[in-house]
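Colleague: Here's a structure for you.
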Amino acid sequence: MKTTTSDMGRNRTGVATSPIDSADITQEAQKHQPSHLGDGSLLLQVRQIYARESEGLGSVPPPVSLKGVAKTAVDVLKGSKPTVFIDKLGERLAFERSGTRLYEGALAKFDVYGSWEGGPTREGLEKIYNDELSHFLMLTEALKSLGADPTAMTPSADVAAVVSQGLPLLIADPRANLRQSLEALLVAELADNAGWEMLIELARDLSHDTLADRFQLALESEVQHLLWVRGWLAAGVSVEARGAPAREERAGTQPRV
Amino acid sequence: MALDILQEKGVPLDKQVFTWKDLVRRPYSKLDDDAFTRVCVIYMNGIMADALRTKHAFARMNRELREPLALIRRLEQYEQTLINWLNPADQTPLETTLGFEQVAIEVTASVALREPDPYLAQTYRFGLLEDFDHLYRYSALYDRLEGKDPNNITQSYTDIIPGRPTSVEHRHPLDDLRRPYDKRAAHPLTKLHAMSITAAENQTHDYYMTVGPFFSDPVARQLYAEIASIEEQHTSMYESLLDPGESLLEKWLMHEACEVYNFYSCVAFEKNPRIKEIWQRFLDYELGQLHYVKEIFQNVEKRDAAEVLPSTLPEPIGFKEHRDFVRKTLNQEEDMASNGQDYVRMADLPRDHRSYIWRDQLNSDGSPSETVAAGYKWIPGTELAARTPRMGSTFEGKKVH
Ligand SMILES: [Fe+2]
Ligand SMILES: [Fe+2]
Ligand SMILES: [Fe+2]
Ligand SMILES: [Fe+2]
Ligand SMILES: [Fe+2]
C-alpha cells in the first residue's frame, strides 16, 4: 500500500533518462523530412467530413404513459421541445447513479488508505454517497412524473458517460490511493455543480417550478460536495508537499477533520 | 427466398474493392439501433475473423494453396474491418462484451433449435447455459462498477439471470472435447452450425483476451481472465465437433459456404437499410469467393462440389429472442457436466473426477464470477434503483438531517 503519491524514483519517461540516446534520436528526427506535406489540420478536416455525414449518437425515446403523451402534445403546441428536458434529466440521473458507485469506491479506499490532516472523513464520504443516491432516486421520480422512461439511456446520458469514462477507471484502480482518487471526485463534482445549475435554469425556463425547487436543494448539497472534495484534495497535496508523515489510519476509524 | 448457391455466382474477386473511407463508415447507434443489429455486427466480425484465422492455418500447412489463400484472405480482411468498425466508439468494451454474450446466447439458441444431430444440439444447449451465465456476471460488473443498466444494451430481449454458474464451468481440457460429426453422413446444416459457433466463440475469446487488461478493477480483471478461460474451453469444445478427416480444401469450401449462409441470414434479419446494404454486398462477395474456391476444389479433388455443398441454403439464423427455449433448457439441463465426450449429470461425476480437481484448483483463491455477482439481482435502472439512502441525506427533496 502506498499513501504518498509524489516520491522520487526511477521514472524513465523523459529524455533526461538517457541523454546520449535521446540526443541521438532527436538529431536523427531533425535530419528527416516528413514523407508528406501538410500539418495536423488535415486530421481535423477528415473529422469534419465525417461530422457532416453523421446523424448523431441517438435519440430520446417517446413518452411511455398517456400522461406523458398528453404533456408532450401540449408542450409541442406551445412551441417547445419537451424531449430536451427529458434528455437532460436522463443525463443527471445517469451521472448521479454512476456517482453513487464512485463514492462506494472512495469509501472502500478510505478504509484501506486512511485519511490525512484536513482529508476526507468516512462520515463526509458517506454523506455524499447518500446524496448522490437520493438524487438519482429523485430524478427517477421526476422522469416518471413527466411520463418518461427513467431507465432509458438518453443521448446526453451517453455523452456524459463518454466524457467521464476515466472516473470509474481511476476509482476502481487499486494502485490509485485515496488522494489520487479524489482527483476523479473533483472532476465529477465540478461537472455535477454545473450540471445541476443548468438543469435548474432549464426547469425554470420551462415552468417546471416544483421540480426546479427540488433541484435547488440538490444543488445546495452539490455545492457542499465540491467544497469538501476540493478541500480534502488540497489538504492532501499540501500535507505531502510539506513532508508531513502520512497519518496511519486504521481501517474503519474516524479521522478528525 | 431460397438461395441456390451453386447457381448464384456473386461478385468476381477482381470486383471486390475497397477504400479506407469505405471501410470506416458511420457506425450503428448504440441507443437507437436494434440490439440484434449489434448482435449481427459482433457475430459477423467473429465469422470473418475465423475466415482469416482458418486460412492462415491452412497456408502454414499447404504449399500449393498459399496463393489462392492469400488472395481470398486479403478480401476477407477488408470485409472484417468494415464490419468491426461499425461498432461505435461510445460503446465501451464492457458494453460490447454484453453484446458478445447476447450473440452467444441468441445465436447459439437458434442453432440448437435447428440442429438436426441430437448430440450436437445437446452440445449447443450445454454451451449456451454457460454463456447465459456470463451475461449475468458481466451485467453485475457493469452495474456495480459504473452504475449503468445492462439492459440498455440487451434491450429486454434476453434474461439477465444466473445460468450454469461460471465457477463450475471450469473443466479438465479432456472434458471439453466432443465427438466430431462424420463428414460423409452429416447434414450440411450440421457443418455450417459447427463452423459458425466455433468462429463466434473463438472471437469472443480473443476479444476478452484483448480488452481484459484495460480494466482497472481487480475483480473485473479476474472476471475477464475467468470468462476468457471458459471461452477458450468453448472454442475447444465447438471446434472438436468439426470432422478432422475433412480435407483442407473441403474445409475451405465449407467455410466459404458458412460465410455465405451467415451473411444471407443477416440480410434476412436486418431492418436498418444502411447496414442491410452491407450484408447484401458481402453476401455477393462471399458467393464470388465460394465459386472461386469451388473451381479449385473440383480441379484438385476431382469431384463435384455439389457432393459437399448444399444446393439451397437452410433457413436463415433466427436473430431474435429465445427466452422460452433458454428458460426450458436452464430448467432441464443446468446441472449437466461432461465426462470426456459424454454428457452426465453433475451429481453423477465422482468427487475426485479430474474436472473437479481442475475447477477446485482454479477457484481455491476465490471465484471472481461469484464475487462480482454476490447477491446480484438485475432490476430495471440498476440494483441502485432498489436501494434506499442511509440516514443523513436529502431525499424526496427534503433535507432530513
Ligand atoms: Fe451529484
Ligand atoms: Fe456530488
Ligand atoms: Fe460467454
Ligand atoms: Fe462462450
Ligand atoms: Fe470468404
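Each chain in the C-alpha cells gets a letter, A, B, ..., in the order shown, and its residues are numbered from 1; ligands are numbered from 1 in order too.
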Up to 6 Å from chain B, what residues of chain A turn up? Count only C-alpha atoms and give them as a PDB file with N, CA and C atoms, in the first residue's frame.
Modeller:
ATOM      1  N   GLY A  58     -27.813   9.369 -31.164  1.00  0.00           N
ATOM      2  CA  GLY A  58     -29.077   8.667 -30.954  1.00  0.00           C
ATOM      3  C   GLY A  58     -30.132   9.655 -30.504  1.00  0.00           C
ATOM      4  N   ARG A  97     -26.289   8.345 -10.593  1.00  0.00           N
ATOM      5  CA  ARG A  97     -26.223   6.899 -10.351  1.00  0.00           C
ATOM      6  C   ARG A  97     -24.775   6.409 -10.426  1.00  0.00           C
ATOM      7  N   SER A  98     -24.064   6.852 -11.448  1.00  0.00           N
ATOM      8  CA  SER A  98     -22.651   6.475 -11.540  1.00  0.00           C
ATOM      9  C   SER A  98     -21.864   7.084 -10.387  1.00  0.00           C
ATOM     10  N   ARG A 101     -21.733   4.989  -7.319  1.00  0.00           N
ATOM     11  CA  ARG A 101     -20.703   3.939  -7.384  1.00  0.00           C
ATOM     12  C   ARG A 101     -19.307   4.513  -7.130  1.00  0.00           C
ATOM     13  N   ASN A 130     -24.749   9.157   0.025  1.00  0.00           N
ATOM     14  CA  ASN A 130     -26.196   9.209   0.242  1.00  0.00           C
ATOM     15  C   ASN A 130     -26.873  10.252  -0.634  1.00  0.00           C
ATOM     16  N   ASP A 131     -26.237  11.399  -0.740  1.00  0.00           N
ATOM     17  CA  ASP A 131     -26.809  12.461  -1.574  1.00  0.00           C
ATOM     18  C   ASP A 131     -26.918  12.014  -3.027  1.00  0.00           C
ATOM     19  N   SER A 134     -29.692   9.558  -3.398  1.00  0.00           N
ATOM     20  CA  SER A 134     -31.047  10.126  -3.304  1.00  0.00           C
ATOM     21  C   SER A 134     -31.341  11.054  -4.486  1.00  0.00           C
ATOM     22  N   MET A 138     -34.521  10.633  -6.794  1.00  0.00           N
ATOM     23  CA  MET A 138     -35.392  11.779  -7.015  1.00  0.00           C
ATOM     24  C   MET A 138     -35.598  12.023  -8.516  1.00  0.00           C
ATOM     25  N   THR A 151     -35.420   4.526 -17.187  1.00  0.00           N
ATOM     26  CA  THR A 151     -34.376   3.515 -17.414  1.00  0.00           C
ATOM     27  C   THR A 151     -33.666   3.712 -18.753  1.00  0.00           C
ATOM     28  N   LEU A 169     -12.717   4.366 -13.828  1.00  0.00           N
ATOM     29  CA  LEU A 169     -11.461   3.668 -14.111  1.00  0.00           C
ATOM     30  C   LEU A 169     -10.432   3.962 -13.015  1.00  0.00           C
ATOM     31  N   ALA A 172     -11.601   2.641  -9.450  1.00  0.00           N
ATOM     32  CA  ALA A 172     -11.512   1.186  -9.306  1.00  0.00           C
ATOM     33  C   ALA A 172     -10.074   0.685  -9.342  1.00  0.00           C
ATOM     34  N   ASP A 173      -9.139   1.564  -9.645  1.00  0.00           N
ATOM     35  CA  ASP A 173      -7.744   1.128  -9.742  1.00  0.00           C
ATOM     36  C   ASP A 173      -7.132   1.062  -8.346  1.00  0.00           C
ATOM     37  N   ARG A 214     -36.984  21.501  -6.075  1.00  0.00           N
ATOM     38  CA  ARG A 214     -36.321  20.298  -5.565  1.00  0.00           C
ATOM     39  C   ARG A 214     -34.874  20.231  -6.048  1.00  0.00           C
TER      40      ARG A 214
END
Colleague: Check every protein, DNA and RNA residue against ligand 5, keep those with an atom at most 7 Å away (counting only C-alpha atoms and all ligand atoms), and present them as number ranges by chain.
Modeller: B: 51, 72, 76, 256, 259, 286, 289-290
Colleague: Need to verify the contact set: range 293-302 of chain B, 8 Å, only C-alpha atoms, exclusion of same-chain residues closer than 5 positions in sequence. Can you return it as a list of chain:residue names?
Modeller: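 Close residues of range 293-302 of chain B: B:Leu249, B:Glu250, B:Trp252, B:Leu253, B:Glu256.
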Colleague: Keeping only C-alpha atoms, write the selected residues to a file as an mmCIF file, in the first residue's frame.
Modeller:
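Resulting contents of again.cif:
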data_model
loop_
_atom_site.group_PDB
_atom_site.id
_atom_site.type_symbol
_atom_site.label_atom_id
_atom_site.label_comp_id
_atom_site.auth_asym_id
_atom_site.auth_seq_id
_atom_site.Cartn_x
_atom_site.Cartn_y
_atom_site.Cartn_z
ATOM 1 C CA LEU B 249 -9.991 -27.886 -49.376
ATOM 2 C CA GLU B 250 -13.253 -29.351 -48.205
ATOM 3 C CA TRP B 252 -12.162 -24.204 -47.038
ATOM 4 C CA LEU B 253 -15.100 -24.707 -49.354
ATOM 5 C CA GLU B 256 -16.954 -20.008 -47.695
#
Colleague: Quick one: residues within 7 Å of ligand 4, with only C-alpha atoms and all ligand atoms, as a PyMOL selection string?
Modeller: chain B and resi 104+127+130-131+201+204+230-231+234
Colleague: For the residues in the current selection, export C-alpha atoms as a short mmCIF file (atom, residue, chain, number, x, y, z; two decimals), in the first residue's frame.
Modeller:
data_model
loop_
_atom_site.label_atom_id
_atom_site.label_comp_id
_atom_site.auth_asym_id
_atom_site.auth_seq_id
_atom_site.Cartn_x
_atom_site.Cartn_y
_atom_site.Cartn_z
CA ALA B 104 -23.53 -16.39 -27.72
CA GLY B 127 -22.53 -24.22 -24.03
CA GLU B 130 -22.68 -21.13 -19.73
CA ASP B 131 -22.70 -18.04 -21.93
CA GLU B 201 -16.69 -18.39 -29.62
CA THR B 204 -15.27 -13.93 -28.03
CA ILE B 230 -14.30 -20.53 -20.49
CA GLU B 231 -14.38 -19.10 -24.00
CA HIS B 234 -15.93 -23.31 -25.66
#
Colleague: Hey, what's within 9 Å of His134 in chain B if we count only C-alpha atoms and toss same-chain stuff fewer than 3 positions away? As a PyMOL selection string, please?
Modeller: chain B and resi 98+101+129-131+137-139+162-163+165-166+227+369
Colleague: Residues at most 9 Å from ligand 1, using only C-alpha atoms and all ligand atoms? Could they come as a PDB file with N, CA, C and O atoms, in the first residue's frame?
Modeller:
ATOM      1  N   ARG A  92     -28.585  13.748 -15.918  1.00  0.00           N
ATOM      2  CA  ARG A  92     -28.339  13.921 -14.475  1.00  0.00           C
ATOM      3  C   ARG A  92     -28.549  12.607 -13.735  1.00  0.00           C
ATOM      4  O   ARG A  92     -27.789  12.231 -12.859  1.00  0.00           O
ATOM      5  N   LEU A  93     -29.621  11.912 -14.132  1.00  0.00           N
ATOM      6  CA  LEU A  93     -29.924  10.639 -13.464  1.00  0.00           C
ATOM      7  C   LEU A  93     -28.740   9.687 -13.607  1.00  0.00           C
ATOM      8  O   LEU A  93     -28.263   9.100 -12.629  1.00  0.00           O
ATOM      9  N   PHE A  95     -25.684  10.369 -14.268  1.00  0.00           N
ATOM     10  CA  PHE A  95     -24.479  10.873 -13.609  1.00  0.00           C
ATOM     11  C   PHE A  95     -24.542  10.628 -12.106  1.00  0.00           C
ATOM     12  O   PHE A  95     -23.560  10.236 -11.476  1.00  0.00           O
ATOM     13  N   GLU A  96     -25.702  10.854 -11.505  1.00  0.00           N
ATOM     14  CA  GLU A  96     -25.853  10.662 -10.060  1.00  0.00           C
ATOM     15  C   GLU A  96     -25.728   9.181  -9.708  1.00  0.00           C
ATOM     16  O   GLU A  96     -25.143   8.811  -8.697  1.00  0.00           O
ATOM     17  N   ARG A  97     -26.289   8.345 -10.593  1.00  0.00           N
ATOM     18  CA  ARG A  97     -26.223   6.899 -10.351  1.00  0.00           C
ATOM     19  C   ARG A  97     -24.775   6.409 -10.426  1.00  0.00           C
ATOM     20  O   ARG A  97     -24.320   5.660  -9.557  1.00  0.00           O
ATOM     21  N   GLY A  99     -22.259   8.310  -9.982  1.00  0.00           N
ATOM     22  CA  GLY A  99     -21.592   8.976  -8.862  1.00  0.00           C
ATOM     23  C   GLY A  99     -21.715   8.168  -7.578  1.00  0.00           C
ATOM     24  O   GLY A  99     -20.781   8.109  -6.767  1.00  0.00           O
ATOM     25  N   THR A 100     -22.862   7.533  -7.396  1.00  0.00           N
ATOM     26  CA  THR A 100     -23.051   6.692  -6.215  1.00  0.00           C
ATOM     27  C   THR A 100     -21.988   5.601  -6.163  1.00  0.00           C
ATOM     28  O   THR A 100     -21.388   5.327  -5.118  1.00  0.00           O
ATOM     29  N   ILE A 128     -21.949  12.182   1.089  1.00  0.00           N
ATOM     30  CA  ILE A 128     -22.023  12.439  -0.363  1.00  0.00           C
ATOM     31  C   ILE A 128     -22.613  11.224  -1.092  1.00  0.00           C
ATOM     32  O   ILE A 128     -23.454  11.369  -1.971  1.00  0.00           O
ATOM     33  N   TYR A 129     -22.162  10.028  -0.687  1.00  0.00           N
ATOM     34  CA  TYR A 129     -22.733   8.808  -1.274  1.00  0.00           C
ATOM     35  C   TYR A 129     -24.261   8.838  -1.176  1.00  0.00           C
ATOM     36  O   TYR A 129     -24.982   8.594  -2.142  1.00  0.00           O
ATOM     37  N   ASP A 131     -26.237  11.399  -0.740  1.00  0.00           N
ATOM     38  CA  ASP A 131     -26.809  12.461  -1.574  1.00  0.00           C
ATOM     39  C   ASP A 131     -26.918  12.014  -3.027  1.00  0.00           C
ATOM     40  O   ASP A 131     -27.950  12.189  -3.667  1.00  0.00           O
ATOM     41  N   GLU A 132     -25.821  11.436  -3.558  1.00  0.00           N
ATOM     42  CA  GLU A 132     -25.843  11.020  -4.968  1.00  0.00           C
ATOM     43  C   GLU A 132     -26.948   9.997  -5.194  1.00  0.00           C
ATOM     44  O   GLU A 132     -27.697  10.075  -6.169  1.00  0.00           O
ATOM     45  N   LEU A 133     -27.050   9.047  -4.259  1.00  0.00           N
ATOM     46  CA  LEU A 133     -28.085   8.021  -4.402  1.00  0.00           C
ATOM     47  C   LEU A 133     -29.478   8.644  -4.350  1.00  0.00           C
ATOM     48  O   LEU A 133     -30.349   8.326  -5.164  1.00  0.00           O
ATOM     49  N   HIS A 135     -30.311  11.694  -5.023  1.00  0.00           N
ATOM     50  CA  HIS A 135     -30.541  12.495  -6.234  1.00  0.00           C
ATOM     51  C   HIS A 135     -30.971  11.594  -7.395  1.00  0.00           C
ATOM     52  O   HIS A 135     -31.871  11.938  -8.159  1.00  0.00           O
ATOM     53  N   PHE A 136     -30.297  10.469  -7.512  1.00  0.00           N
ATOM     54  CA  PHE A 136     -30.682   9.504  -8.565  1.00  0.00           C
ATOM     55  C   PHE A 136     -32.140   9.075  -8.398  1.00  0.00           C
ATOM     56  O   PHE A 136     -32.919   9.078  -9.354  1.00  0.00           O
ATOM     57  N   ALA A 188     -15.811  15.008 -11.077  1.00  0.00           N
ATOM     58  CA  ALA A 188     -17.232  14.650 -11.001  1.00  0.00           C
ATOM     59  C   ALA A 188     -18.036  15.765 -10.350  1.00  0.00           C
ATOM     60  O   ALA A 188     -19.105  16.147 -10.835  1.00  0.00           O
ATOM     61  N   GLU A 189     -17.530  16.315  -9.257  1.00  0.00           N
ATOM     62  CA  GLU A 189     -18.298  17.334  -8.547  1.00  0.00           C
ATOM     63  C   GLU A 189     -18.362  18.651  -9.320  1.00  0.00           C
ATOM     64  O   GLU A 189     -19.368  19.360  -9.272  1.00  0.00           O
ATOM     65  N   ALA A 191     -18.461  18.897 -12.563  1.00  0.00           N
ATOM     66  CA  ALA A 191     -19.480  18.661 -13.587  1.00  0.00           C
ATOM     67  C   ALA A 191     -20.864  18.602 -12.950  1.00  0.00           C
ATOM     68  O   ALA A 191     -21.850  19.090 -13.518  1.00  0.00           O
ATOM     69  N   ASP A 192     -20.922  18.003 -11.783  1.00  0.00           N
ATOM     70  CA  ASP A 192     -22.182  17.888 -11.053  1.00  0.00           C
ATOM     71  C   ASP A 192     -22.781  19.272 -10.780  1.00  0.00           C
ATOM     72  O   ASP A 192     -23.963  19.518 -11.016  1.00  0.00           O
ATOM     73  N   ASN A 193     -21.944  20.162 -10.266  1.00  0.00           N
ATOM     74  CA  ASN A 193     -22.422  21.510  -9.936  1.00  0.00           C
ATOM     75  C   ASN A 193     -22.939  22.239 -11.171  1.00  0.00           C
ATOM     76  O   ASN A 193     -24.063  22.749 -11.175  1.00  0.00           O
ATOM     77  N   GLY A 195     -23.857  20.955 -13.928  1.00  0.00           N
ATOM     78  CA  GLY A 195     -24.996  20.219 -14.469  1.00  0.00           C
ATOM     79  C   GLY A 195     -26.300  20.583 -13.766  1.00  0.00           C
ATOM     80  O   GLY A 195     -27.319  20.843 -14.413  1.00  0.00           O
ATOM     81  N   TRP A 196     -26.251  20.606 -12.450  1.00  0.00           N
ATOM     82  CA  TRP A 196     -27.468  20.956 -11.696  1.00  0.00           C
ATOM     83  C   TRP A 196     -27.877  22.405 -11.945  1.00  0.00           C
ATOM     84  O   TRP A 196     -29.047  22.719 -12.101  1.00  0.00           O
ATOM     85  N   ALA A 218     -30.940  19.955  -4.271  1.00  0.00           N
ATOM     86  CA  ALA A 218     -29.861  19.066  -4.707  1.00  0.00           C
ATOM     87  C   ALA A 218     -28.601  19.879  -4.974  1.00  0.00           C
ATOM     88  O   ALA A 218     -27.496  19.499  -4.559  1.00  0.00           O
ATOM     89  N   LEU A 219     -28.773  21.011  -5.634  1.00  0.00           N
ATOM     90  CA  LEU A 219     -27.612  21.842  -5.952  1.00  0.00           C
ATOM     91  C   LEU A 219     -26.904  22.299  -4.679  1.00  0.00           C
ATOM     92  O   LEU A 219     -25.669  22.314  -4.621  1.00  0.00           O
ATOM     93  N   SER A 221     -26.613  20.758  -1.918  1.00  0.00           N
ATOM     94  CA  SER A 221     -25.728  19.701  -1.406  1.00  0.00           C
ATOM     95  C   SER A 221     -24.528  19.508  -2.332  1.00  0.00           C
ATOM     96  O   SER A 221     -23.421  19.217  -1.879  1.00  0.00           O
ATOM     97  N   GLU A 222     -24.715  19.701  -3.636  1.00  0.00           N
ATOM     98  CA  GLU A 222     -23.583  19.572  -4.568  1.00  0.00           C
ATOM     99  C   GLU A 222     -22.522  20.648  -4.308  1.00  0.00           C
ATOM    100  O   GLU A 222     -21.327  20.394  -4.435  1.00  0.00           O
ATOM    101  N   HIS A 225     -20.547  19.343  -1.597  1.00  0.00           N
ATOM    102  CA  HIS A 225     -19.654  18.264  -2.054  1.00  0.00           C
ATOM    103  C   HIS A 225     -18.377  18.842  -2.640  1.00  0.00           C
ATOM    104  O   HIS A 225     -17.281  18.389  -2.343  1.00  0.00           O
TER     105      HIS A 225
END
Colleague: Have a look at A:Val74, A:Ile86, A:Ala203, A:Leu185 and name the one nearest to Arg230 in chain A; count only C-alpha atoms.
Modeller: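 Among the listed residues, the smallest separation from Arg230 in chain A belongs to A:Leu185.
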Colleague: Run DSSP on the backbone and give me the residues of range 46-252 of chain A it puts in helix (DSSP H, G or I), as a PyMOL selection string.
Modeller: chain A and resi 46-53+66-77+83-113+122-145+155-163+166-171+178-205+209-241
Colleague: Would you compute the distance between CA of Gly212 in chain B and CA of Tyr224 in chain B? Give it in Å to one decimal.
Modeller: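 Calculated distance between CA of Gly212 in chain B and CA of Tyr224 in chain B is 5.2 Å.
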Colleague: Using only C-alpha atoms, determine which residues lie at most 8 Å from Thr198 in chain B, disregarding the query and same-chain residues fewer than 5 positions distant; provide the list as a ChimeraX atom specification.
Modeller: /B:234-235,238-239
Colleague: Those residues with N, CA, C and O atoms, as a short mmCIF file (atom, residue, chain, number, x, y, z; two decimals), in the first residue's frame please?
Modeller:
data_model
loop_
_atom_site.label_atom_id
_atom_site.label_comp_id
_atom_site.auth_asym_id
_atom_site.auth_seq_id
_atom_site.Cartn_x
_atom_site.Cartn_y
_atom_site.Cartn_z
N HIS B 234 -14.86 -23.23 -24.66
CA HIS B 234 -15.93 -23.31 -25.66
C HIS B 234 -15.36 -23.45 -27.07
O HIS B 234 -15.88 -24.21 -27.89
N THR B 235 -14.28 -22.70 -27.34
CA THR B 235 -13.67 -22.81 -28.66
C THR B 235 -13.17 -24.25 -28.87
O THR B 235 -13.40 -24.85 -29.92
N TYR B 238 -16.36 -26.58 -29.32
CA TYR B 238 -17.09 -26.48 -30.59
C TYR B 238 -16.21 -26.91 -31.76
O TYR B 238 -16.67 -27.55 -32.69
N GLU B 239 -14.94 -26.55 -31.72
CA GLU B 239 -14.10 -26.93 -32.87
C GLU B 239 -13.89 -28.44 -32.90
O GLU B 239 -13.65 -29.00 -33.96
#
Colleague: Would you list the contacts of range 347-357 of chain B as a PyMOL selection string, taking every protein, DNA or RNA residue within 8 Å and counting only C-alpha atoms, but skipping same-chain residues closer than 5 positions in sequence?
Modeller: chain B and resi 170-172+175+335+337+339
Colleague: Suppose we keep N, CA and C atoms; can you now write the selection as a PDB file, in the first residue's frame?
Modeller:
ATOM      1  N   HIS B 170     -15.494 -24.556 -15.140  1.00  0.00           N
ATOM      2  CA  HIS B 170     -14.082 -24.896 -15.403  1.00  0.00           C
ATOM      3  C   HIS B 170     -13.899 -26.408 -15.388  1.00  0.00           C
ATOM      4  N   ARG B 171     -13.416 -26.927 -16.489  1.00  0.00           N
ATOM      5  CA  ARG B 171     -13.284 -28.384 -16.637  1.00  0.00           C
ATOM      6  C   ARG B 171     -11.861 -28.749 -17.039  1.00  0.00           C
ATOM      7  N   HIS B 172     -11.561 -29.993 -16.855  1.00  0.00           N
ATOM      8  CA  HIS B 172     -10.309 -30.540 -17.383  1.00  0.00           C
ATOM      9  C   HIS B 172     -10.353 -30.441 -18.917  1.00  0.00           C
ATOM     10  N   ASP B 175     -12.242 -32.936 -20.881  1.00  0.00           N
ATOM     11  CA  ASP B 175     -13.698 -32.990 -20.757  1.00  0.00           C
ATOM     12  C   ASP B 175     -14.383 -31.923 -21.611  1.00  0.00           C
ATOM     13  N   ASP B 335     -27.682 -28.625 -14.577  1.00  0.00           N
ATOM     14  CA  ASP B 335     -26.697 -29.421 -13.834  1.00  0.00           C
ATOM     15  C   ASP B 335     -25.964 -30.435 -14.710  1.00  0.00           C
ATOM     16  N   ALA B 337     -22.950 -31.953 -16.875  1.00  0.00           N
ATOM     17  CA  ALA B 337     -21.491 -31.860 -16.880  1.00  0.00           C
ATOM     18  C   ALA B 337     -21.002 -32.782 -17.989  1.00  0.00           C
ATOM     19  N   ASN B 339     -18.174 -35.826 -19.111  1.00  0.00           N
ATOM     20  CA  ASN B 339     -17.157 -36.788 -18.723  1.00  0.00           C
ATOM     21  C   ASN B 339     -16.534 -37.259 -20.029  1.00  0.00           C
TER      22      ASN B 339
END
Colleague: Within 9 Å of Gln80 in chain B, counting only C-alpha atoms, which residues qualify if same-chain residues fewer than 4 places away don't, as number ranges by chain?
Modeller: B: 44-49, 75-76, 84-85
Colleague: Please measure the separation of CA of Ala200 in chain B and CA of Tyr43 in chain B, giving the value in Å to one decimal.
Modeller: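 Separation of CA of Ala200 in chain B and CA of Tyr43 in chain B: 6.0 Å.
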Colleague: Of the candidates B:Leu287, B:Leu141, B:Ser247, B:Val326, which shows the shortest atom-to-atom distance to Met61 in chain B, using only C-alpha atoms?
Modeller: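 Closest residue, counting only C-alpha atoms: B:Ser247.
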Colleague: Quick one: distance from CA of Gly9 in chain A to CA of Gly119 in chain A in Å, one decimal?
Modeller: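 Computing it gives 25.4 Å between the two atoms.
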